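Coordinates from target-v5.cif are shown below (mmCIF, C-alpha atoms and all ligand atoms).
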data_run
#
loop_
_atom_site.label_atom_id
_atom_site.label_comp_id
_atom_site.auth_asym_id
_atom_site.auth_seq_id
_atom_site.Cartn_x
_atom_site.Cartn_y
_atom_site.Cartn_z
CA LYS A 159 -0.70 -20.53 10.22
CA GLY A 160 -3.64 -21.50 8.13
CA ALA A 161 -2.74 -19.08 5.37
CA ASN A 162 -3.17 -20.11 1.77
CA VAL A 163 -0.43 -18.54 -0.33
CA VAL A 164 -0.98 -18.35 -4.06
CA MET A 165 1.75 -17.29 -6.47
CA GLN A 166 0.63 -14.51 -8.77
CA THR A 167 0.69 -15.41 -12.42
CA ASP A 168 2.06 -12.07 -13.61
CA LYS A 169 3.47 -8.83 -12.20
CA GLY A 170 2.13 -5.82 -10.33
CA LYS A 171 -0.06 -5.06 -7.34
CA GLY A 172 -3.19 -4.70 -9.45
CA GLN A 173 -2.66 -8.04 -11.11
CA ALA A 174 -2.26 -9.71 -7.70
CA VAL A 175 -5.40 -8.06 -6.33
CA ILE A 176 -7.50 -9.00 -9.36
CA GLN A 177 -6.27 -12.59 -9.20
CA ALA A 178 -6.99 -12.78 -5.46
CA PHE A 179 -10.51 -11.38 -5.91
CA ASP A 180 -11.11 -14.16 -8.39
CA ILE A 181 -10.09 -16.87 -5.94
CA ILE A 182 -11.51 -15.66 -2.61
CA ASP A 183 -15.18 -16.26 -1.96
CA SER A 184 -15.65 -15.39 1.71
CA PRO A 185 -18.45 -12.92 2.58
CA TYR A 186 -15.97 -10.21 3.60
CA VAL A 187 -12.63 -9.62 1.92
CA ILE A 188 -9.79 -7.56 3.42
CA MET A 189 -6.95 -6.11 1.38
CA ILE A 190 -3.73 -5.06 3.13
CA ASP A 191 -0.27 -4.07 1.85
CA GLY A 192 2.45 -6.58 2.61
CA ASP A 193 5.12 -4.14 3.78
CA GLY A 194 4.18 -3.93 7.44
CA THR A 195 2.89 -0.37 7.28
CA TYR A 196 -0.64 -1.32 8.35
CA LEU A 197 -1.69 -3.08 11.55
CA PRO A 198 -3.43 -6.43 11.01
CA GLY A 199 -4.79 -6.02 14.55
CA GLU A 200 -6.94 -3.15 13.34
CA VAL A 201 -8.88 -5.37 10.99
CA ASN A 202 -11.88 -5.16 13.30
CA ILE A 203 -12.31 -1.49 12.47
CA ILE A 204 -12.79 -2.51 8.85
CA ILE A 205 -14.92 -5.58 9.51
CA ASP A 206 -17.21 -3.66 11.88
CA ALA A 207 -17.92 -1.10 9.18
CA LEU A 208 -18.71 -3.89 6.69
CA ALA A 209 -20.96 -5.59 9.25
CA GLU A 210 -22.78 -2.28 9.70
CA GLY A 211 -23.70 -2.39 6.05
CA ALA A 212 -20.91 -0.66 4.11
CA GLY A 213 -20.11 -2.27 0.76
CA HIS A 214 -16.58 -0.92 0.69
CA VAL A 215 -14.41 0.33 3.55
CA ILE A 216 -11.32 2.50 3.15
CA GLY A 217 -8.80 2.76 5.98
CA ASN A 218 -7.78 6.41 6.18
CA ARG A 219 -4.02 6.62 6.64
CA PHE A 220 -4.12 10.32 7.38
CA ALA A 221 -6.06 9.72 10.58
CA ASN A 222 -3.03 8.43 12.45
CA PRO A 223 0.25 8.47 10.52
CA GLY A 224 3.36 7.38 12.39
CA GLU A 225 6.52 9.46 12.27
CA GLY A 226 8.03 9.36 8.80
CA ALA A 227 5.16 7.28 7.41
CA PHE A 228 4.61 9.86 4.69
CA THR A 229 7.43 11.66 2.97
CA ARG A 230 6.62 15.25 2.14
CA LEU A 231 6.31 14.40 -1.56
CA ASN A 232 4.07 11.46 -0.73
CA LYS A 233 1.76 13.59 1.35
CA LEU A 234 1.55 16.29 -1.30
CA GLY A 235 0.93 13.75 -4.06
CA ASN A 236 -1.82 12.07 -2.06
CA ARG A 237 -3.44 15.40 -1.31
CA ILE A 238 -3.44 16.44 -4.97
CA LEU A 239 -4.82 13.08 -6.15
CA ASN A 240 -7.56 13.02 -3.49
CA LYS A 241 -8.57 16.55 -4.50
CA ALA A 242 -8.54 15.65 -8.19
CA PHE A 243 -10.68 12.62 -7.43
CA GLY A 244 -13.13 14.75 -5.45
CA PHE A 245 -13.49 17.23 -8.31
CA ALA A 246 -13.86 14.52 -10.93
CA TYR A 247 -16.34 12.28 -9.10
CA GLY A 248 -17.95 14.54 -6.49
CA GLU A 249 -16.97 12.20 -3.66
CA TRP A 250 -14.53 13.35 -0.99
CA LEU A 251 -13.03 10.19 0.45
CA ASN A 252 -9.84 11.44 2.20
CA ASP A 253 -7.59 8.59 1.16
CA ILE A 254 -8.46 6.94 -2.15
CA LEU A 255 -4.99 5.33 -2.44
CA SER A 256 -5.06 3.53 0.91
CA GLY A 257 -3.77 -0.05 0.92
CA TYR A 258 -6.01 -1.17 3.79
CA ARG A 259 -9.54 -1.80 2.57
CA GLY A 260 -12.51 -4.06 3.01
CA PHE A 261 -15.16 -5.36 0.61
CA THR A 262 -18.27 -7.43 0.68
CA ARG A 263 -18.48 -10.34 -1.73
CA GLU A 264 -21.18 -8.50 -3.65
CA THR A 265 -19.03 -5.40 -4.16
CA ILE A 266 -16.19 -7.53 -5.51
CA SER A 267 -18.38 -9.38 -7.97
CA ASN A 268 -19.76 -6.08 -9.27
CA MET A 269 -16.43 -4.33 -9.87
CA VAL A 270 -14.81 -4.45 -13.29
CA LEU A 271 -11.04 -4.17 -12.72
CA ASN A 272 -8.26 -4.03 -15.31
CA GLN A 273 -5.33 -2.09 -13.86
CA ALA A 274 -2.22 -4.23 -13.25
CA GLY A 275 -0.14 -1.70 -11.33
CA PHE A 276 -0.55 0.92 -8.62
CA GLU A 277 -3.60 2.34 -10.40
CA ILE A 278 -5.63 -0.47 -8.87
CA GLU A 279 -6.74 1.50 -5.78
CA THR A 280 -7.96 4.31 -8.02
CA GLU A 281 -9.83 1.87 -10.21
CA ILE A 282 -11.41 0.18 -7.18
CA THR A 283 -12.57 3.53 -5.82
CA VAL A 284 -13.96 4.71 -9.17
CA GLU A 285 -15.78 1.41 -9.66
CA CYS A 286 -17.37 1.67 -6.21
CA VAL A 287 -18.49 5.24 -6.84
CA ARG A 288 -19.86 4.23 -10.25
CA GLN A 289 -21.80 1.31 -8.79
CA GLU A 290 -23.05 3.57 -5.98
CA VAL A 291 -21.59 1.23 -3.38
CA ASP A 292 -21.95 2.52 0.17
CA ILE A 293 -18.33 3.56 0.88
CA LYS A 294 -17.23 4.13 4.46
CA VAL A 295 -13.95 5.78 5.45
CA VAL A 296 -12.55 4.68 8.82
CA PRO A 297 -9.45 5.89 10.70
CA ILE A 298 -6.47 3.52 10.82
CA THR A 299 -2.83 3.66 11.89
CA TYR A 300 -0.17 4.02 9.23
CA LEU A 301 3.46 3.24 10.06
CA ALA A 302 6.71 4.09 8.32
CA ARG A 303 8.11 1.35 6.10
CA ALA A 304 10.74 -0.77 7.88
CA GLN A 305 14.37 0.14 7.16
CA GLY A 306 15.75 -1.78 4.22
CA ALA A 307 12.31 -2.49 2.78
CA PRO A 308 12.36 -0.60 -0.48
CA THR A 309 9.26 0.91 -2.03
CA LYS A 310 8.12 -0.29 -5.42
CA LEU A 311 6.18 2.88 -5.98
CA ASN A 312 7.78 5.74 -7.85
CA PRO A 313 6.03 8.88 -6.57
CA LEU A 314 6.46 10.74 -9.85
CA THR A 315 5.74 8.18 -12.57
CA ASP A 316 3.16 6.24 -10.55
CA GLY A 317 1.62 9.47 -9.29
CA PHE A 318 1.29 10.67 -12.86
CA ARG A 319 -0.22 7.34 -13.93
CA ILE A 320 -2.75 7.49 -11.11
CA GLY A 321 -3.66 11.07 -12.06
CA THR A 322 -4.17 10.00 -15.67
CA THR A 323 -6.35 7.10 -14.53
CA ILE A 324 -8.53 9.46 -12.46
CA PHE A 325 -8.97 11.73 -15.50
CA LYS A 326 -9.50 8.96 -18.07
CA MET A 327 -12.05 7.08 -16.01
CA ALA A 328 -14.02 10.30 -15.56
CA LYS A 329 -14.88 10.13 -19.26
CA ILE A 330 -17.58 7.55 -18.59
CA ASN A 331 -18.43 8.46 -15.02
CA ASN A 332 -18.41 12.23 -15.19
CA PRO A 333 -18.38 13.37 -18.83
CA LEU A 334 -19.26 16.91 -17.76
CA PHE A 335 -15.92 17.16 -15.96
CA TYR A 336 -13.92 15.29 -18.60
CA PHE A 337 -15.12 17.15 -21.67
CA SER A 338 -15.21 20.53 -19.92
CA VAL A 339 -11.52 20.14 -19.10
CA MET A 340 -10.82 19.14 -22.72
CA GLY A 341 -12.90 22.06 -23.99
CA GLY A 342 -11.23 24.47 -21.58
CA VAL A 343 -7.74 23.41 -22.65
CA THR A 344 -8.67 23.62 -26.35
CA ILE A 345 -10.16 27.10 -26.01
CA PHE A 346 -7.14 28.21 -24.01
CA PHE A 347 -4.83 27.17 -26.88
CA GLY A 348 -7.12 28.92 -29.34
CA LEU A 349 -6.97 32.10 -27.31
CA VAL A 350 -3.17 31.95 -27.06
CA ILE A 351 -2.80 31.69 -30.85
CA GLY A 352 -5.57 34.24 -31.28
CA THR A 353 -3.79 36.76 -29.07
CA TYR A 354 -0.66 36.36 -31.16
CA VAL A 355 -2.66 36.87 -34.37
CA VAL A 356 -4.29 40.05 -33.01
CA ILE A 357 -1.00 41.50 -31.73
CA GLU A 358 0.62 40.88 -35.14
CA TRP A 359 -2.42 42.32 -36.88
CA MET A 360 -2.08 45.55 -34.88
CA ALA A 361 1.49 45.76 -36.14
CA ASN A 362 0.06 45.48 -39.66
CA ILE A 363 1.00 41.82 -40.20
CA THR A 364 -1.97 39.66 -41.14
CA HIS A 365 -1.89 35.89 -40.63
CA VAL A 366 -4.89 34.65 -42.58
CA LEU A 367 -4.26 30.94 -42.11
CA LEU A 368 -3.52 31.27 -38.39
CA ALA A 369 -6.66 33.33 -37.92
CA VAL A 370 -8.76 30.60 -39.55
CA LEU A 371 -7.00 27.99 -37.43
CA THR A 372 -7.72 30.01 -34.27
CA ALA A 373 -11.41 30.17 -35.11
CA LEU A 374 -11.49 26.42 -35.77
CA ILE A 375 -9.77 25.59 -32.50
CA ILE A 376 -12.08 27.81 -30.46
CA ILE A 377 -15.17 26.41 -32.17
CA SER A 378 -13.93 22.88 -31.44
CA GLY A 379 -13.49 23.87 -27.79
CA ILE A 380 -17.05 25.20 -27.61
CA GLN A 381 -18.32 22.00 -29.18
CA MET A 382 -16.57 20.00 -26.48
CA PHE A 383 -18.51 21.99 -23.87
CA ILE A 384 -21.74 21.18 -25.67
CA PHE A 385 -20.71 17.54 -25.75
CA ALA A 386 -19.94 17.75 -22.02
CA ILE A 387 -23.55 18.72 -21.36
CA MET A 388 -24.88 16.03 -23.70
CA GLY A 389 -22.59 13.44 -22.11
CA ASP A 390 -23.76 14.49 -18.67
CA LEU A 391 -27.36 13.99 -19.75
CA ILE A 392 -26.62 10.52 -21.09
CA ALA A 393 -24.68 9.60 -17.93
CA SER A 394 -27.51 10.80 -15.66
CA LEU A 395 -30.08 8.79 -17.60
CA HIS A 396 -27.84 5.74 -17.49
CA LYS A 397 -27.37 6.14 -13.75
CA GLU A 398 -31.11 6.30 -13.23
CA THR A 399 -31.64 3.17 -15.32
CA MET A 400 -28.94 1.33 -13.40
CA ARG A 401 -30.49 2.41 -10.10
CA ALA A 402 -33.86 1.03 -11.13
CA PHE A 403 -32.16 -2.12 -12.37
CA ARG A 404 -30.33 -2.65 -9.07
CA LYS A 405 -33.52 -2.11 -7.13
CA GLN A 406 -35.19 -4.89 -9.11
CA LYS A 407 -32.39 -7.36 -8.42
N1 LIG A 501 1.59 -9.49 -5.10
C1 LIG A 501 2.17 -8.33 -5.40
N2 LIG A 501 2.03 -7.32 -4.55
C2 LIG A 501 2.62 -6.16 -4.86
C3 LIG A 501 3.37 -5.98 -6.04
N3 LIG A 501 3.84 -4.71 -6.05
C4 LIG A 501 3.39 -4.14 -4.92
N4 LIG A 501 2.66 -5.00 -4.19
C5 LIG A 501 1.97 -4.77 -2.92
O1 LIG A 501 1.63 -3.42 -2.87
C6 LIG A 501 2.02 -2.89 -1.64
C7 LIG A 501 2.33 -1.42 -1.81
O2 LIG A 501 3.53 -1.24 -2.47
P1 LIG A 501 4.60 -0.24 -1.89
O3 LIG A 501 5.82 -0.38 -2.73
O4 LIG A 501 4.73 -0.42 -0.42
O5 LIG A 501 3.92 1.15 -2.23
P2 LIG A 501 3.02 2.07 -1.31
O6 LIG A 501 2.70 1.42 -0.01
O7 LIG A 501 1.87 2.51 -2.13
O8 LIG A 501 3.92 3.33 -1.13
P3 LIG A 501 5.11 3.53 -0.05
O9 LIG A 501 4.61 4.62 0.84
O10 LIG A 501 6.27 3.95 -0.87
O11 LIG A 501 5.31 2.24 0.69
C8 LIG A 501 3.20 -3.72 -1.21
O12 LIG A 501 3.32 -3.70 0.19
C9 LIG A 501 2.81 -5.08 -1.71
O13 LIG A 501 1.99 -5.72 -0.75
C10 LIG A 501 3.49 -7.09 -6.93
O14 LIG A 501 4.10 -7.03 -7.97
N5 LIG A 501 2.86 -8.23 -6.55
MG MG A 502 4.02 0.75 1.41
#

Turn the structure described in the file into structure tokens.
Amino acid sequence: KGANVVMQTDKGKGQAVIQAFDIIDSPYVIMIDGDGTYLPGEVNIIIDALAEGAGHVIGNRFANPGEGAFTRLNKLGNRILNKAFGFAYGEWLNDILSGYRGFTRETISNMVLNQAGFEIETEITVECVRQEVDIKVVPITYLARAQGAPTKLNPLTDGFRIGTTIFKMAKINNPLFYFSVMGGVTIFFGLVIGTYVVIEWMANITHVLLAVLTALIIISGIQMFIFAIMGDLIASLHKETMRAFRKQK
């Protein structure tokens, strides 16, 4: 009773969330999955944290998962993605993909969101880290999906998409991580080809072109590391500027 239901104009969870954020203008905004796996009664846990000054609150599903709430694959995937996020952004938030979250109006107006699908939680979390929003993780209950309520999330393809989003968004937010990974992979390939060239050379077969290629690949890899450091410098300076800018506001 009293609910205002709006039809989404397109498809996907992200699209719905972005559209809703556009419409709602209450001081606190709560986001909750519609499949009955979260308890609306626990909303106070989230609101309390917002009232205490957090800009974004994440309900941690791992605090109290019901029986069968996570499949084994789901748990593993979540663990990997949370770890990857921690490495890429230096923030260990336990449950970045949670569907039970709270925001202040200010946080919502500052976030720039574009992901239409299940990458939306990742994008929200990255945006909050980037904007240095005070993020608070609170324990919540997580129940198994009701029988006959199918999931829309494909653990493999959506998991892969989320992983890619974490990596891609690190390019701006943590270039040191992003370009070091690129550099590392490039040098690794260089070394693999190089090893082959050397082994062949010891058997008296010389691959001149491959040897040149190896050198080029390894040099490119080293350059990516240098760019990682440069990018990190630029990102740090930018962060400082933004901090000063926010203070002024
Ligand atoms: N409005 C809207 N909401 C969506 C759409 N797709 C997913 N959702 C919401 O996103 C929630 C999460 O989707 P689920 O399929 O339950 O995926 P999940 O909770 O991440 O993973 P499971 O553990 O498999 O349930 C759903 O409960 C819906 O509320 C969509 O196209 N439009
Ligand atoms: Mg669900």

Å distance separating atom O5 of ligand LIG 501 (chain A) from atom CA of Glu210 of chain A, one decimal place: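 Separation between atom O5 of ligand LIG 501 (chain A) and atom CA of Glu210 of chain A: 29.4 Å.
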
| message | Can you tell me which residues surround Phe383 of chain A at a distance of at most 6 Å, considering all atoms listed in the file, apart from same-chain residues fewer than 2 positions away, and format the answer as a PyMOL selection string? | response | chain A and resi 338+341+380-381+385-386

File dump, residues just selected, C-alpha atoms, as a PDB file, keeping the file's coordinate frame:
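Final output, saved to selection.pdb:
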ATOM      1  CA  SER A 338     -15.210  20.530 -19.920  1.00  0.00           C
ATOM      2  CA  GLY A 341     -12.900  22.060 -23.990  1.00  0.00           C
ATOM      3  CA  ILE A 380     -17.050  25.200 -27.610  1.00  0.00           C
ATOM      4  CA  GLN A 381     -18.320  22.000 -29.180  1.00  0.00           C
ATOM      5  CA  PHE A 385     -20.710  17.540 -25.750  1.00  0.00           C
ATOM      6  CA  ALA A 386     -19.940  17.750 -22.020  1.00  0.00           C
TER       7      ALA A 386
END

Give, as AutoDock Vina command-line options, the centre coordinates and the x, y and z edge lengths in Å to one decimal for an axis-aligned box around all listed atoms of ligand LIG 501 (chain A), padded by 6 Å on each side.
--center_x 3.9 --center_y -2.4 --center_z -3.6 --size_x 16.7 --size_y 26.1 --size_z 20.8

Taking all atoms listed in the file into account, which residues have an atom no farther than 7 Å from ligand LIG 501 (chain A)? I'd like them as a PDB file with C-alpha atoms, in the frame of the given file.
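File produced: part00.pdb:
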ATOM      1  CA  GLN A 166       0.630 -14.510  -8.770  1.00  0.00           C
ATOM      2  CA  LYS A 169       3.470  -8.830 -12.200  1.00  0.00           C
ATOM      3  CA  GLY A 170       2.130  -5.820 -10.330  1.00  0.00           C
ATOM      4  CA  LYS A 171      -0.060  -5.060  -7.340  1.00  0.00           C
ATOM      5  CA  ALA A 174      -2.260  -9.710  -7.700  1.00  0.00           C
ATOM      6  CA  ILE A 190      -3.730  -5.060   3.130  1.00  0.00           C
ATOM      7  CA  ASP A 191      -0.270  -4.070   1.850  1.00  0.00           C
ATOM      8  CA  GLY A 192       2.450  -6.580   2.610  1.00  0.00           C
ATOM      9  CA  ASP A 193       5.120  -4.140   3.780  1.00  0.00           C
ATOM     10  CA  PHE A 228       4.610   9.860   4.690  1.00  0.00           C
ATOM     11  CA  GLY A 257      -3.770  -0.050   0.920  1.00  0.00           C
ATOM     12  CA  ARG A 303       8.110   1.350   6.100  1.00  0.00           C
ATOM     13  CA  PRO A 308      12.360  -0.600  -0.480  1.00  0.00           C
ATOM     14  CA  THR A 309       9.260   0.910  -2.030  1.00  0.00           C
ATOM     15  CA  LYS A 310       8.120  -0.290  -5.420  1.00  0.00           C
ATOM     16  CA  LEU A 311       6.180   2.880  -5.980  1.00  0.00           C
TER      17      LEU A 311
END

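Interatomic distance, atom CA of Ala274 of chain A against atom CA of Phe325 of chain A: 17.5 Å.
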
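Minimum atom-to-atom distance to ligand MG 502 (chain A), evaluated using all atoms listed in the file, belongs to A:Ala302 out of A:Ile384, A:Val343, A:Ala369, A:Ala302.
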
From atom CA of Lys329 of chain A to atom CA of Ala402 of chain A the spacing works out at 22.6 Å
